[in-house]
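For reference, protein.cif is printed below; it contains mmCIF, C-alpha atoms.
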data_structure
#
loop_
_atom_site.label_atom_id
_atom_site.label_comp_id
_atom_site.auth_asym_id
_atom_site.auth_seq_id
_atom_site.Cartn_x
_atom_site.Cartn_y
_atom_site.Cartn_z
CA ARG Q 420 10.04 31.45 20.46
CA ALA Q 421 10.41 34.02 23.20
CA PHE Q 422 8.27 35.48 25.93
CA GLY Q 423 9.19 39.05 26.71
CA LYS Q 424 12.73 40.35 26.26
CA GLU Q 425 14.72 37.12 26.66
CA GLN Q 426 16.68 35.54 23.85
CA PRO Q 427 14.45 33.32 21.63
CA LYS Q 428 14.65 29.61 22.43
CA TYR Q 429 14.13 28.57 18.79
CA LEU Q 430 14.60 30.28 15.46
CA THR Q 431 13.14 28.81 12.29
CA VAL Q 432 14.59 29.59 8.89
CA LYS Q 433 12.57 28.37 5.92
CA ILE Q 434 14.52 28.57 2.66
CA ASP Q 435 11.79 27.17 0.41
CA SER Q 436 8.31 28.46 1.29
CA ASP Q 437 6.74 25.50 -0.54
CA LYS Q 438 8.36 22.92 1.76
CA GLN Q 439 6.75 21.57 4.93
CA LYS Q 440 8.15 22.90 8.21
CA VAL Q 441 8.81 19.41 9.55
CA TYR Q 442 12.26 18.62 10.91
CA GLY Q 443 13.85 15.43 9.59
CA LEU Q 444 12.04 14.97 6.28
CA ASP Q 445 15.42 14.84 4.56
CA ARG Q 446 16.57 11.83 6.59
CA VAL Q 447 13.45 9.82 7.43
CA ASN Q 448 12.57 6.57 5.66
CA LEU Q 449 8.88 6.88 4.84
CA GLN Q 450 8.70 3.11 4.20
CA GLN Q 451 9.47 2.30 7.85
CA HIS Q 452 7.66 3.05 11.11
CA ILE Q 453 8.00 6.74 12.01
CA HIS Q 454 7.95 8.44 15.41
CA ILE Q 455 6.68 12.02 15.35
CA VAL Q 456 7.70 14.29 18.21
CA GLU Q 457 7.32 17.96 19.06
CA GLY Q 458 10.93 19.12 19.29
CA PRO Q 459 13.75 18.72 16.77
CA ILE Q 460 16.21 17.84 19.56
CA ASP Q 461 13.86 15.13 20.83
CA SER Q 462 13.77 13.61 17.35
CA LEU Q 463 17.54 13.07 17.43
CA PHE Q 464 17.14 10.46 20.18
CA LEU Q 465 14.75 8.25 18.18
CA ASP Q 466 15.41 6.26 15.03
CA ASN Q 467 13.43 7.29 11.96
CA SER Q 468 11.64 10.26 13.49
CA LEU Q 469 10.25 13.62 12.52
CA ALA Q 470 9.61 16.74 14.60
CA VAL Q 471 6.83 19.24 14.03
CA ALA Q 472 8.75 21.99 15.86
CA GLY Q 473 5.96 22.77 18.31
CA THR Q 474 2.47 21.37 18.59
CA GLY Q 475 1.57 21.75 14.91
CA PHE Q 476 0.82 18.08 14.33
CA GLY Q 477 -1.65 18.93 11.55
CA LYS Q 478 1.36 19.10 9.23
CA ILE Q 479 1.73 15.36 9.61
CA GLU Q 480 -1.75 14.69 8.26
CA SER Q 481 -0.79 16.52 5.06
CA LEU Q 482 2.09 14.07 4.52
CA ASN Q 483 -0.47 11.27 4.03
CA LEU Q 484 1.51 8.73 6.04
CA PRO Q 485 -0.32 5.47 6.82
CA LYS Q 486 -1.55 5.72 10.43
CA GLU Q 487 -0.38 2.21 11.23
CA HIS Q 488 3.20 3.30 10.42
CA VAL Q 489 3.14 6.35 12.71
CA THR Q 490 3.51 6.80 16.46
CA ILE Q 491 2.92 10.27 17.83
CA VAL Q 492 5.02 11.14 20.86
CA PHE Q 493 3.73 14.24 22.62
CA ASP Q 494 5.64 15.98 25.39
CA ASN Q 495 4.75 14.82 28.90
CA GLN Q 496 2.50 17.75 29.84
CA SER Q 497 -0.73 16.34 31.24
CA ARG Q 498 -1.78 19.72 32.61
CA ASN Q 499 -1.24 21.58 29.34
CA THR Q 500 -4.72 22.05 27.83
CA GLU Q 501 -3.42 22.41 24.26
CA VAL Q 502 -1.35 19.22 24.44
CA CYS Q 503 -4.25 17.30 25.98
CA LYS Q 504 -6.61 18.40 23.20
CA LEU Q 505 -4.09 17.20 20.63
CA VAL Q 506 -3.55 13.84 22.32
CA GLU Q 507 -7.29 13.29 22.42
CA LYS Q 508 -7.66 14.35 18.78
CA TYR Q 509 -5.06 11.86 17.55
CA ILE Q 510 -6.50 9.08 19.68
CA LYS Q 511 -9.87 9.73 18.01
CA LEU Q 512 -8.16 9.73 14.59
CA ASP Q 513 -6.87 6.23 15.52
CA TYR Q 514 -3.14 6.98 15.54
CA ASN Q 515 -0.67 5.19 17.78
CA VAL Q 516 0.13 7.59 20.62
CA VAL Q 517 2.53 7.43 23.54
CA ILE Q 518 0.88 7.95 26.91
CA TRP Q 519 3.61 8.52 29.47
CA PRO Q 520 3.36 6.63 32.78
CA CYS Q 521 2.65 8.76 35.86
CA ASN Q 522 6.05 8.07 37.40
CA ILE Q 523 7.80 9.96 34.59
CA GLN Q 524 8.16 13.59 35.66
CA GLU Q 525 10.36 14.85 32.82
CA LYS Q 526 8.69 17.15 30.27
CA ASP Q 527 10.19 15.75 27.09
CA ILE Q 528 12.48 13.12 25.56
CA ASN Q 529 15.54 15.32 25.88
CA ASP Q 530 15.01 15.66 29.65
CA MET Q 531 14.37 11.92 29.96
CA VAL Q 532 17.62 11.09 28.17
CA LYS Q 533 19.52 13.55 30.42
CA ASN Q 534 18.14 11.61 33.41
CA ASN Q 535 19.25 8.24 31.98
CA ILE Q 536 15.76 6.98 31.16
CA ASN Q 537 15.59 4.37 28.41
CA VAL Q 538 13.29 6.37 26.15
CA LYS Q 539 13.10 3.81 23.34
CA GLN Q 540 11.92 1.10 25.73
CA LEU Q 541 9.53 3.48 27.47
CA ILE Q 542 7.96 4.45 24.16
CA GLN Q 543 7.69 0.83 23.07
CA ASP Q 544 5.99 -0.13 26.34
CA HIS Q 545 3.60 2.85 26.43
CA THR Q 546 2.31 3.17 22.88
CA TYR Q 547 -1.44 2.72 22.63
CA GLN Q 548 -4.26 2.98 20.12
CA GLY Q 549 -8.05 3.09 20.25
CA LEU Q 550 -9.88 2.34 23.50
CA MET Q 551 -6.71 1.45 25.39
CA ALA Q 552 -5.20 4.79 24.38
CA GLN Q 553 -8.32 6.57 25.64
CA LEU Q 554 -8.15 4.74 28.97
CA LYS Q 555 -4.43 5.49 29.44
CA PHE Q 556 -5.01 9.11 28.39
CA THR Q 557 -7.65 9.50 31.12
CA GLU Q 558 -5.26 8.05 33.71
CA TRP Q 559 -2.43 10.34 32.51
CA ARG Q 560 -4.63 13.44 32.73
CA ASN Q 561 -5.21 12.61 36.40
CA CYS Q 562 -1.55 11.95 37.30
#
Kindly transcribe the structure held in the file into structure tokens.
Amino acid sequence: RAFGKEQPKYLTVKIDSDKQKVYGLDRVNLQQHIHIVEGPIDSLFLDNSLAVAGTGFGKIESLNLPKEHVTIVFDNQSRNTEVCKLVEKYIKLDYNVVIWPCNIQEKDINDMVKNNINVKQLIQDHTYQGLMAQLKFTEWRNC
């Protein structure tokens, strides 16, 4: 990914064109609860997690994972229209989603870890589903 002439931030190499472009499939236990994040680096801070390498969460639906065994952890970008549409979509699809509290200013898990935030506890305390997720999403959009 690059904007203009700068060095790309990410490069993706796909050896087998038939394989999903989901980071961590080789190490995740599909029988346990799975956290799904945007960035591969973010996934390294959570046990049993996958990364979609961007906002392509539709890839996860094709894995046919039971919704009750999945928590989707979006980046903390309440003003990003694309991210907000995705959060709302997965709330409506009845997934567990993390809705970050308004006092968290960091953009992603990596930044939170760098600032000594207990990400695992934060995710545990701020994972919602259904109507509660919708309520917390509305609050988050107005942070």
Q. Could you pull the residues within 10 Å of Asp461 of chain Q, counting only C-alpha atoms, minus those fewer than 2 positions along the same chain, as a ChimeraX atom specification?
A. /Q:455-459,463-465,468-470,472,492,494,527-532
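Between Ile518 of chain Q and the candidates Q:Gln543, Q:Asn499, Q:Trp559, Q:Ile479, the tightest atom-to-atom separation, counting all atoms listed in the file, involves Q:Trp559.
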Q | Nearest residue to Cys503 of chain Q from the set Q:Arg446, Q:His452, Q:Gln553, Q:Ile536 (distances using all atoms listed in the file) | A |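 When distances to Cys503 of chain Q are compared using all atoms listed in the file, the smallest one comes from Q:Gln553.
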Q: Find the residue from Q:Ile460, Q:Cys562, Q:Leu554, Q:Val517 that sits nearest to Ser497 of chain Q; use all atoms listed in the file when measuring.
A: Q:Cys562
Q: Could you check how far atom CA of Asp466 of chain Q sits from atom CA of Met551 of chain Q, in Å to one decimal?
A: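 These atoms are spaced 24.9 Å apart.
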Q: Please write the residues picked by the PyMOL selection byres ((chain Q and resi 556) around 12) on this file as number ranges by chain.
A: Q: 493, 495-498, 502-511, 516-521, 545-555, 557-562
Got time to write the residues from that selection, C-alpha atoms, as a PDB file, in the frame of the given file?
ATOM      1  CA  PHE Q 493       3.730  14.240  22.620  1.00  0.00           C
ATOM      2  CA  ASN Q 495       4.750  14.820  28.900  1.00  0.00           C
ATOM      3  CA  GLN Q 496       2.500  17.750  29.840  1.00  0.00           C
ATOM      4  CA  SER Q 497      -0.730  16.340  31.240  1.00  0.00           C
ATOM      5  CA  ARG Q 498      -1.780  19.720  32.610  1.00  0.00           C
ATOM      6  CA  VAL Q 502      -1.350  19.220  24.440  1.00  0.00           C
ATOM      7  CA  CYS Q 503      -4.250  17.300  25.980  1.00  0.00           C
ATOM      8  CA  LYS Q 504      -6.610  18.400  23.200  1.00  0.00           C
ATOM      9  CA  LEU Q 505      -4.090  17.200  20.630  1.00  0.00           C
ATOM     10  CA  VAL Q 506      -3.550  13.840  22.320  1.00  0.00           C
ATOM     11  CA  GLU Q 507      -7.290  13.290  22.420  1.00  0.00           C
ATOM     12  CA  LYS Q 508      -7.660  14.350  18.780  1.00  0.00           C
ATOM     13  CA  TYR Q 509      -5.060  11.860  17.550  1.00  0.00           C
ATOM     14  CA  ILE Q 510      -6.500   9.080  19.680  1.00  0.00           C
ATOM     15  CA  LYS Q 511      -9.870   9.730  18.010  1.00  0.00           C
ATOM     16  CA  VAL Q 516       0.130   7.590  20.620  1.00  0.00           C
ATOM     17  CA  VAL Q 517       2.530   7.430  23.540  1.00  0.00           C
ATOM     18  CA  ILE Q 518       0.880   7.950  26.910  1.00  0.00           C
ATOM     19  CA  TRP Q 519       3.610   8.520  29.470  1.00  0.00           C
ATOM     20  CA  PRO Q 520       3.360   6.630  32.780  1.00  0.00           C
ATOM     21  CA  CYS Q 521       2.650   8.760  35.860  1.00  0.00           C
ATOM     22  CA  HIS Q 545       3.600   2.850  26.430  1.00  0.00           C
ATOM     23  CA  THR Q 546       2.310   3.170  22.880  1.00  0.00           C
ATOM     24  CA  TYR Q 547      -1.440   2.720  22.630  1.00  0.00           C
ATOM     25  CA  GLN Q 548      -4.260   2.980  20.120  1.00  0.00           C
ATOM     26  CA  GLY Q 549      -8.050   3.090  20.250  1.00  0.00           C
ATOM     27  CA  LEU Q 550      -9.880   2.340  23.500  1.00  0.00           C
ATOM     28  CA  MET Q 551      -6.710   1.450  25.390  1.00  0.00           C
ATOM     29  CA  ALA Q 552      -5.200   4.790  24.380  1.00  0.00           C
ATOM     30  CA  GLN Q 553      -8.320   6.570  25.640  1.00  0.00           C
ATOM     31  CA  LEU Q 554      -8.150   4.740  28.970  1.00  0.00           C
ATOM     32  CA  LYS Q 555      -4.430   5.490  29.440  1.00  0.00           C
ATOM     33  CA  THR Q 557      -7.650   9.500  31.120  1.00  0.00           C
ATOM     34  CA  GLU Q 558      -5.260   8.050  33.710  1.00  0.00           C
ATOM     35  CA  TRP Q 559      -2.430  10.340  32.510  1.00  0.00           C
ATOM     36  CA  ARG Q 560      -4.630  13.440  32.730  1.00  0.00           C
ATOM     37  CA  ASN Q 561      -5.210  12.610  36.400  1.00  0.00           C
ATOM     38  CA  CYS Q 562      -1.550  11.950  37.300  1.00  0.00           C
TER      39      CYS Q 562
END
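Going from atom CA of Asn522 of chain Q to atom CA of Leu541 of chain Q covers 11.5 Å.
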Q.
Using all atoms listed in the file for the distances, tell me which of Q:Gln451, Q:Asp513, Q:Val538, Q:Val489 is nearest to Glu525 of chain Q.
A. Q:Val538
Segment 512-522 of chain Q, all listed atoms, 8 Å padding on each side: what axis-aligned box centre and edge lengths in Å to one decimal come out, as lines of an AutoDock Vina configuration file?
center_x = -1.1
center_y = 7.5
center_z = 26.0
size_x = 30.2
size_y = 20.5
size_z = 38.8
Q: Could you tell me how far atom CA of Glu501 of chain Q lies from atom CA of Lys539 of chain Q, in Å and to one decimal?
A: 24.9 Å
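With all atoms listed in the file as the atoms that count, the minimum distance from Ile491 of chain Q to the choices Q:Ile523, Q:Val441, Q:Val471, Q:Val447 is reached by Q:Val471.
What the PyMOL selection byres ((chain Q and resi 485) around 10) matches in the given file is Leu449, Gln450, His452, Ile453, Glu480, Leu482, Asn483, Leu484, Lys486, Glu487, His488, Val489 and Tyr514 of chain Q.
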